[in-house]
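Text of work.pdb, listed as PDB, C-alpha atoms:
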ATOM      1  CA  MET Q   1     180.269-131.415 128.767
ATOM      2  CA  PRO Q   2     178.538-133.411 131.545
ATOM      3  CA  ARG Q   3     180.204-136.575 132.773
ATOM      4  CA  ALA Q   4     178.569-139.911 132.065
ATOM      5  CA  PRO Q   5     177.224-141.816 135.100
ATOM      6  CA  GLY Q   6     180.091-143.526 136.910
ATOM      7  CA  GLN Q   7     182.773-141.572 135.038
ATOM      8  CA  ILE Q   8     183.811-139.643 138.147
ATOM      9  CA  ASP Q   9     184.129-142.831 140.183
ATOM     10  CA  VAL Q  10     186.255-144.454 137.478
ATOM     11  CA  ALA Q  11     188.562-141.433 137.379
ATOM     12  CA  LYS Q  12     188.872-141.418 141.164
ATOM     13  CA  THR Q  13     189.523-145.147 141.249
ATOM     14  CA  GLU Q  14     192.376-144.840 138.759
ATOM     15  CA  ALA Q  15     193.802-141.844 140.626
ATOM     16  CA  ILE Q  16     193.734-143.760 143.909
ATOM     17  CA  LEU Q  17     195.404-146.821 142.416
ATOM     18  CA  ASP Q  18     198.071-144.753 140.659
ATOM     19  CA  ALA Q  19     198.757-142.880 143.893
ATOM     20  CA  ALA Q  20     198.942-146.128 145.853
ATOM     21  CA  VAL Q  21     201.639-147.510 143.532
ATOM     22  CA  GLU Q  22     203.743-144.384 144.050
ATOM     23  CA  VAL Q  23     203.213-143.925 147.786
ATOM     24  CA  ILE Q  24     203.600-147.583 148.736
ATOM     25  CA  GLY Q  25     206.668-147.811 146.502
ATOM     26  CA  GLU Q  26     208.181-144.865 148.378
ATOM     27  CA  ARG Q  27     207.043-145.541 151.943
ATOM     28  CA  GLY Q  28     206.236-149.226 152.146
ATOM     29  CA  LEU Q  29     203.155-151.167 153.158
ATOM     30  CA  SER Q  30     202.808-149.108 156.322
ATOM     31  CA  ALA Q  31     202.113-145.986 154.252
ATOM     32  CA  PRO Q  32     198.936-144.404 155.655
ATOM     33  CA  MET Q  33     195.810-144.292 153.541
ATOM     34  CA  GLU Q  34     195.770-140.553 154.188
ATOM     35  CA  ALA Q  35     199.029-140.168 152.246
ATOM     36  CA  ILE Q  36     197.564-142.114 149.341
ATOM     37  CA  ALA Q  37     194.437-139.954 149.420
ATOM     38  CA  LYS Q  38     196.508-136.764 149.386
ATOM     39  CA  ARG Q  39     198.595-137.950 146.420
ATOM     40  CA  ALA Q  40     195.398-138.917 144.572
ATOM     41  CA  GLY Q  41     193.759-135.570 145.282
ATOM     42  CA  VAL Q  42     190.792-137.107 147.095
ATOM     43  CA  SER Q  43     189.635-137.319 150.691
ATOM     44  CA  LYS Q  44     190.682-140.107 153.023
ATOM     45  CA  GLN Q  45     187.024-141.107 153.288
ATOM     46  CA  THR Q  46     186.846-141.476 149.512
ATOM     47  CA  VAL Q  47     189.704-143.978 149.625
ATOM     48  CA  TYR Q  48     187.927-145.962 152.333
ATOM     49  CA  ASN Q  49     184.658-145.787 150.405
ATOM     50  CA  HIS Q  50     186.429-147.468 147.490
ATOM     51  CA  TYR Q  51     188.629-149.812 149.532
ATOM     52  CA  GLY Q  52     187.772-150.733 153.084
ATOM     53  CA  SER Q  53     191.281-151.820 154.044
ATOM     54  CA  LYS Q  54     194.882-151.877 152.888
ATOM     55  CA  ALA Q  55     194.386-155.520 151.847
ATOM     56  CA  ASP Q  56     191.403-154.519 149.674
ATOM     57  CA  LEU Q  57     193.473-151.777 148.068
ATOM     58  CA  MET Q  58     196.350-154.148 147.316
ATOM     59  CA  ARG Q  59     193.945-156.684 145.850
ATOM     60  CA  ALA Q  60     192.618-154.008 143.503
ATOM     61  CA  LEU Q  61     196.137-152.975 142.508
ATOM     62  CA  MET Q  62     197.102-156.539 141.670
ATOM     63  CA  HIS Q  63     193.849-157.144 139.830
ATOM     64  CA  ARG Q  64     194.475-154.119 137.614
ATOM     65  CA  ARG Q  65     198.019-155.261 136.850
ATOM     66  CA  VAL Q  66     196.969-158.838 136.075
ATOM     67  CA  GLU Q  67     194.134-157.665 133.802
ATOM     68  CA  ALA Q  68     196.672-155.682 131.783
ATOM     69  CA  ILE Q  69     199.177-158.550 131.625
ATOM     70  CA  THR Q  70     196.621-161.173 130.602
ATOM     71  CA  ALA Q  71     194.627-158.994 128.184
ATOM     72  CA  SER Q  72     196.113-160.733 125.145
ATOM     73  CA  LEU Q  73     194.724-164.075 126.332
ATOM     74  CA  ARG Q  74     191.181-162.687 126.161
ATOM     75  CA  GLU Q  75     191.342-160.765 122.898
ATOM     76  CA  PRO Q  76     189.067-161.867 120.051
ATOM     77  CA  GLY Q  77     190.800-164.570 118.090
ATOM     78  CA  ALA Q  78     193.401-165.255 120.785
ATOM     79  CA  VAL Q  79     192.598-168.966 120.873
ATOM     80  CA  ASP Q  80     193.001-169.077 117.087
ATOM     81  CA  ASN Q  81     196.500-167.597 117.338
ATOM     82  CA  PRO Q  82     198.045-169.070 120.488
ATOM     83  CA  ALA Q  83     201.606-168.081 119.520
ATOM     84  CA  GLU Q  84     200.656-164.419 119.069
ATOM     85  CA  ALA Q  85     198.629-164.394 122.282
ATOM     86  CA  LEU Q  86     201.440-165.995 124.278
ATOM     87  CA  GLU Q  87     204.048-163.644 122.810
ATOM     88  CA  ALA Q  88     201.956-160.629 123.814
ATOM     89  CA  TYR Q  89     201.498-162.124 127.280
ATOM     90  CA  ALA Q  90     205.244-162.718 127.598
ATOM     91  CA  ARG Q  91     206.053-159.153 126.543
ATOM     92  CA  SER Q  92     203.569-157.798 129.089
ATOM     93  CA  VAL Q  93     205.171-159.875 131.842
ATOM     94  CA  LEU Q  94     208.640-158.657 130.903
ATOM     95  CA  GLU Q  95     207.514-155.029 130.698
ATOM     96  CA  THR Q  96     206.069-155.313 134.199
ATOM     97  CA  VAL Q  97     209.213-156.958 135.561
ATOM     98  CA  ILE Q  98     211.565-154.307 134.196
ATOM     99  CA  THR Q  99     209.364-151.319 135.112
ATOM    100  CA  SER Q 100     210.984-149.704 138.136
ATOM    101  CA  LYS Q 101     207.715-148.238 139.449
ATOM    102  CA  SER Q 102     206.014-151.636 139.495
ATOM    103  CA  TYR Q 103     208.887-153.405 141.168
ATOM    104  CA  SER Q 104     209.694-150.686 143.673
ATOM    105  CA  MET Q 105     206.270-151.472 145.099
ATOM    106  CA  MET Q 106     206.904-155.214 144.949
ATOM    107  CA  ARG Q 107     210.156-154.795 146.866
ATOM    108  CA  VAL Q 108     208.465-152.998 149.755
ATOM    109  CA  ILE Q 109     205.676-155.566 149.802
ATOM    110  CA  ILE Q 110     208.267-158.299 150.289
ATOM    111  CA  LEU Q 111     209.961-156.299 153.034
ATOM    112  CA  GLY Q 112     206.678-155.708 154.831
ATOM    113  CA  SER Q 113     205.199-159.177 154.362
ATOM    114  CA  GLY Q 114     206.250-160.330 157.832
ATOM    115  CA  GLU Q 115     204.360-157.519 159.547
ATOM    116  CA  MET Q 116     201.349-157.617 157.221
ATOM    117  CA  PRO Q 117     200.892-161.257 156.095
ATOM    118  CA  ASP Q 118     197.244-160.695 155.164
ATOM    119  CA  VAL Q 119     198.259-158.023 152.661
ATOM    120  CA  ALA Q 120     201.070-160.205 151.308
ATOM    121  CA  ARG Q 121     198.576-163.029 150.800
ATOM    122  CA  GLU Q 122     196.235-160.721 148.882
ATOM    123  CA  VAL Q 123     199.118-159.598 146.675
ATOM    124  CA  PHE Q 124     200.112-163.169 145.828
ATOM    125  CA  GLU Q 125     196.598-164.488 145.248
ATOM    126  CA  ALA Q 126     195.322-161.506 143.259
ATOM    127  CA  GLY Q 127     198.633-161.055 141.427
ATOM    128  CA  PRO Q 128     200.966-163.902 140.404
ATOM    129  CA  LEU Q 129     198.550-166.702 141.258
ATOM    130  CA  SER Q 130     195.680-165.105 139.341
ATOM    131  CA  ALA Q 131     197.879-164.543 136.282
ATOM    132  CA  ARG Q 132     199.017-168.176 136.340
ATOM    133  CA  LYS Q 133     195.414-169.375 136.612
ATOM    134  CA  GLN Q 134     194.357-167.298 133.610
ATOM    135  CA  LEU Q 135     197.287-168.592 131.592
ATOM    136  CA  ALA Q 136     196.448-172.160 132.644
ATOM    137  CA  ALA Q 137     192.827-171.633 131.566
ATOM    138  CA  PHE Q 138     194.040-170.426 128.157
ATOM    139  CA  LEU Q 139     196.250-173.507 127.770
ATOM    140  CA  ARG Q 140     193.361-175.731 128.802
ATOM    141  CA  THR Q 141     191.202-174.180 126.088
ATOM    142  CA  GLU Q 142     193.948-174.643 123.502
ATOM    143  CA  THR Q 143     194.174-178.316 124.478
ATOM    144  CA  GLU Q 144     190.410-178.779 124.198
ATOM    145  CA  LEU Q 145     190.543-177.246 120.707
ATOM    146  CA  GLY Q 146     193.349-179.622 119.736
ATOM    147  CA  ARG Q 147     195.932-176.909 119.045
ATOM    148  CA  MET Q 148     198.118-177.925 121.978
ATOM    149  CA  LYS Q 149     198.451-180.968 124.215
ATOM    150  CA  VAL Q 150     198.881-179.836 127.798
ATOM    151  CA  ASP Q 151     198.214-182.543 130.377
ATOM    152  CA  ASP Q 152     198.787-180.267 133.376
ATOM    153  CA  PRO Q 153     197.898-176.646 132.472
ATOM    154  CA  ASP Q 154     198.837-175.292 135.898
ATOM    155  CA  GLN Q 155     202.313-176.789 135.720
ATOM    156  CA  ALA Q 156     202.742-175.693 132.107
ATOM    157  CA  ALA Q 157     201.753-172.126 133.041
ATOM    158  CA  GLU Q 158     204.407-172.207 135.752
ATOM    159  CA  PHE Q 159     207.000-173.497 133.269
ATOM    160  CA  PHE Q 160     206.182-170.786 130.725
ATOM    161  CA  SER Q 161     206.365-167.994 133.282
ATOM    162  CA  GLY Q 162     209.745-169.233 134.473
ATOM    163  CA  MET Q 163     211.070-169.384 130.901
ATOM    164  CA  VAL Q 164     210.002-165.816 130.258
ATOM    165  CA  MET Q 165     211.120-164.136 133.473
ATOM    166  CA  GLY Q 166     214.314-166.045 134.185
ATOM    167  CA  HIS Q 167     216.661-163.839 136.224
ATOM    168  CA  SER Q 168     215.020-160.605 135.067
ATOM    169  CA  GLN Q 169     212.645-160.570 138.014
ATOM    170  CA  LEU Q 170     215.427-161.129 140.534
ATOM    171  CA  ARG Q 171     217.589-158.440 138.939
ATOM    172  CA  SER Q 172     214.720-155.990 139.230
ATOM    173  CA  LEU Q 173     214.024-156.865 142.864
ATOM    174  CA  LEU Q 174     217.725-156.356 143.639
ATOM    175  CA  ARG Q 175     217.683-152.974 141.860
ATOM    176  CA  LEU Q 176     220.215-154.193 139.301
ATOM    177  CA  PRO Q 177     220.037-152.662 135.809
ATOM    178  CA  SER Q 178     218.489-154.760 133.077
ATOM    179  CA  ASP Q 179     220.978-156.864 131.137
ATOM    180  CA  LYS Q 180     218.825-156.849 127.984
ATOM    181  CA  THR Q 181     217.637-154.262 125.507
ATOM    182  CA  PRO Q 182     213.936-153.998 124.520
ATOM    183  CA  ASP Q 183     214.738-155.825 121.272
ATOM    184  CA  GLU Q 184     216.422-158.623 123.217
ATOM    185  CA  TYR Q 185     213.376-158.954 125.456
ATOM    186  CA  ASP Q 186     211.204-159.175 122.359
ATOM    187  CA  ARG Q 187     213.380-161.945 120.951
ATOM    188  CA  LEU Q 188     213.275-163.706 124.313
ATOM    189  CA  ALA Q 189     209.473-163.672 124.258
ATOM    190  CA  LYS Q 190     209.382-165.109 120.730
ATOM    191  CA  GLU Q 191     211.952-167.813 121.540
ATOM    192  CA  ALA Q 192     210.187-168.843 124.746
ATOM    193  CA  VAL Q 193     206.874-169.173 122.911
ATOM    194  CA  ALA Q 194     208.390-171.149 120.022
ATOM    195  CA  ARG Q 195     210.024-173.655 122.381
ATOM    196  CA  PHE Q 196     206.966-173.854 124.617
ATOM    197  CA  ILE Q 197     204.534-174.565 121.784
ATOM    198  CA  LYS Q 198     206.910-177.127 120.296
ATOM    199  CA  ALA Q 199     207.102-178.899 123.662
ATOM    200  CA  TYR Q 200     203.324-179.041 123.950
ATOM    201  CA  ALA Q 201     202.496-179.711 120.297
ATOM    202  CA  PRO Q 202     199.535-182.091 119.802
TER     203      PRO Q 202
END

Please lay out the structure from this file as structure tokens.
Amino acid sequence: MPRAPGQIDVAKTEAILDAAVEVIGERGLSAPMEAIAKRAGVSKQTVYNHYGSKADLMRALMHRRVEAITASLREPGAVDNPAEALEAYARSVLETVITSKSYSMMRVIILGSGEMPDVAREVFEAGPLSARKQLAAFLRTETELGRMKVDDPDQAAEFFSGMVMGHSQLRSLLRLPSDKTPDEYDRLAKEAVARFIKAYAP
């Protein structure tokens, strides 16, 4: 069966990004693009055709992660069910925090940030900062619709993220085992949302 136009590029893009997570997690930010290309099963030139620099590659990695985390905020009907949307967002954040593959990469990014500040900046802006901005935009919409009353959406987004992650992020960065079961994380997400919505009730 012939591939649809662009299908090959999409497959290669995903392979490159998946390989980058693994290789950078193992070898750090200084991992050569050639190693990423080899793991992805593509040529080095193909990697550079997709991403002109390590910073571009990291931006794409963070963008993919943030799109997955914030998907619930964009689903049809999300603004009509803010509690459900926020719970799904919280669970996605927690799943990312406790996933060893995701945070093995984050650990090496932190370690290499001094030598590669431009890459570290891309990671922050395309990752955590972008997620907070999308959450803030969702809260702003909820306020405009009268379902919530959030005077400072950016600050509220920061508050909510802190409530959800707590020490889980630090434990993961320190390679400490999770102190919660999946069910406990689910209850944490629900409790954080209930308290958050109550605090910002109209």

Would you mind reading off the distance between CA of Lys12 in chain Q and CA of Leu111 in chain Q, one decimal, in Å? 28.4 Å

Spell out the residues picked by the PyMOL selection byres ((chain Q and resi 54-64) around 7) here, as a short mmCIF file (atom, residue, chain, number, x, y, z; two decimals) with C-alpha atoms, in the coordinates of the input.
data_model
loop_
_atom_site.label_atom_id
_atom_site.label_comp_id
_atom_site.auth_asym_id
_atom_site.auth_seq_id
_atom_site.Cartn_x
_atom_site.Cartn_y
_atom_site.Cartn_z
CA LEU Q 17 195.40 -146.82 142.42
CA TYR Q 51 188.63 -149.81 149.53
CA GLY Q 52 187.77 -150.73 153.08
CA SER Q 53 191.28 -151.82 154.04
CA ARG Q 65 198.02 -155.26 136.85
CA VAL Q 66 196.97 -158.84 136.07
CA GLU Q 67 194.13 -157.66 133.80
CA ALA Q 68 196.67 -155.68 131.78
CA ASP Q 118 197.24 -160.70 155.16
CA VAL Q 119 198.26 -158.02 152.66
CA GLU Q 122 196.24 -160.72 148.88
CA VAL Q 123 199.12 -159.60 146.68
CA ALA Q 126 195.32 -161.51 143.26
CA GLY Q 127 198.63 -161.06 141.43
#

I'd like to know which of Q:Ala71, Q:Ala157, Q:Met163, Q:Val47 is closest to Arg140 in chain Q, using all atoms listed in the file. Q:Ala157

Using only C-alpha atoms and a cutoff of 10 Å, can you tell me which residues are near (200.5, -145.3, 144.7) in the file's coordinates, and write them out as a PDB file with C-alpha atoms, in the frame of the given file?
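And here's point28.pdb as it stands now:
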ATOM      1  CA  ALA Q  15     193.802-141.844 140.626  1.00  0.00           C
ATOM      2  CA  ILE Q  16     193.734-143.760 143.909  1.00  0.00           C
ATOM      3  CA  LEU Q  17     195.404-146.821 142.416  1.00  0.00           C
ATOM      4  CA  ASP Q  18     198.071-144.753 140.659  1.00  0.00           C
ATOM      5  CA  ALA Q  19     198.757-142.880 143.893  1.00  0.00           C
ATOM      6  CA  ALA Q  20     198.942-146.128 145.853  1.00  0.00           C
ATOM      7  CA  VAL Q  21     201.639-147.510 143.532  1.00  0.00           C
ATOM      8  CA  GLU Q  22     203.743-144.384 144.050  1.00  0.00           C
ATOM      9  CA  VAL Q  23     203.213-143.925 147.786  1.00  0.00           C
ATOM     10  CA  ILE Q  24     203.600-147.583 148.736  1.00  0.00           C
ATOM     11  CA  GLY Q  25     206.668-147.811 146.502  1.00  0.00           C
ATOM     12  CA  GLU Q  26     208.181-144.865 148.378  1.00  0.00           C
ATOM     13  CA  ARG Q  27     207.043-145.541 151.943  1.00  0.00           C
ATOM     14  CA  ALA Q  31     202.113-145.986 154.252  1.00  0.00           C
ATOM     15  CA  ALA Q  35     199.029-140.168 152.246  1.00  0.00           C
ATOM     16  CA  ILE Q  36     197.564-142.114 149.341  1.00  0.00           C
ATOM     17  CA  ALA Q  37     194.437-139.954 149.420  1.00  0.00           C
ATOM     18  CA  ARG Q  39     198.595-137.950 146.420  1.00  0.00           C
ATOM     19  CA  ALA Q  40     195.398-138.917 144.572  1.00  0.00           C
ATOM     20  CA  LEU Q  61     196.137-152.975 142.508  1.00  0.00           C
ATOM     21  CA  LYS Q 101     207.715-148.238 139.449  1.00  0.00           C
ATOM     22  CA  SER Q 102     206.014-151.636 139.495  1.00  0.00           C
ATOM     23  CA  MET Q 105     206.270-151.472 145.099  1.00  0.00           C
TER      24      MET Q 105
END

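Restricting the calculation to all atoms listed in the file, the smallest distance between Glu144 in chain Q and any of Q:Val79, Q:Ala189, Q:Val10, Q:Leu29 is found for Q:Val79.
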
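Separating CA of Met116 in chain Q from CA of Leu173 in chain Q is a distance of 19.2 Å.
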
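Closest approach to Leu94 in chain Q among Q:Met165, Q:Val42, Q:Ala11, Q:Leu129: Q:Met165, based on all atoms listed in the file.
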
Skipping near chain neighbours, those fewer than 5 positions away, what residues fall within 12 Å of Gly162 in chain Q using only C-alpha atoms, listed as a short mmCIF file (atom, residue, chain, number, x, y, z; two decimals) with C-alpha atoms, in the coordinates of the input?
data_model
loop_
_atom_site.label_atom_id
_atom_site.label_comp_id
_atom_site.auth_asym_id
_atom_site.auth_seq_id
_atom_site.Cartn_x
_atom_site.Cartn_y
_atom_site.Cartn_z
CA ALA Q 90 205.24 -162.72 127.60
CA VAL Q 93 205.17 -159.88 131.84
CA LEU Q 94 208.64 -158.66 130.90
CA PRO Q 128 200.97 -163.90 140.40
CA ARG Q 132 199.02 -168.18 136.34
CA GLN Q 155 202.31 -176.79 135.72
CA ALA Q 156 202.74 -175.69 132.11
CA ALA Q 157 201.75 -172.13 133.04
CA HIS Q 167 216.66 -163.84 136.22
CA SER Q 168 215.02 -160.60 135.07
CA GLN Q 169 212.64 -160.57 138.01
CA LEU Q 170 215.43 -161.13 140.53
CA ALA Q 189 209.47 -163.67 124.26
CA ALA Q 192 210.19 -168.84 124.75
CA VAL Q 193 206.87 -169.17 122.91
CA PHE Q 196 206.97 -173.85 124.62
#

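Distance check against Pro82 in chain Q using all atoms listed in the file: of Q:Glu142, Q:Asp154, Q:Glu125, Q:Asp186, the minimum falls on Q:Glu142.
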
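Among Q:Ser104, Q:Phe160, Q:Phe124, Q:Ala137, the residue with the shortest atom-to-atom distance to Leu176 in chain Q, counting all atoms listed in the file, is Q:Ser104.
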
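Between CA of Ser130 in chain Q and CA of Leu188 in chain Q the interatomic distance comes to 23.2 Å.
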
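Distances here use all atoms listed in the file; by that measure, the residue among Q:Ser178, Q:Lys44, Q:Arg147, Q:Pro117 closest to Ala201 in chain Q is Q:Arg147.
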
Please put the answer as AutoDock Vina command-line options: centre and edge lengths, in Å with one decimal, of a box along x, y and z that encloses all listed atoms of range 54-61 of chain Q plus 5 Å on each side.
--center_x 193.9 --center_y -154.2 --center_z 147.7 --size_x 14.9 --size_y 14.9 --size_z 20.4
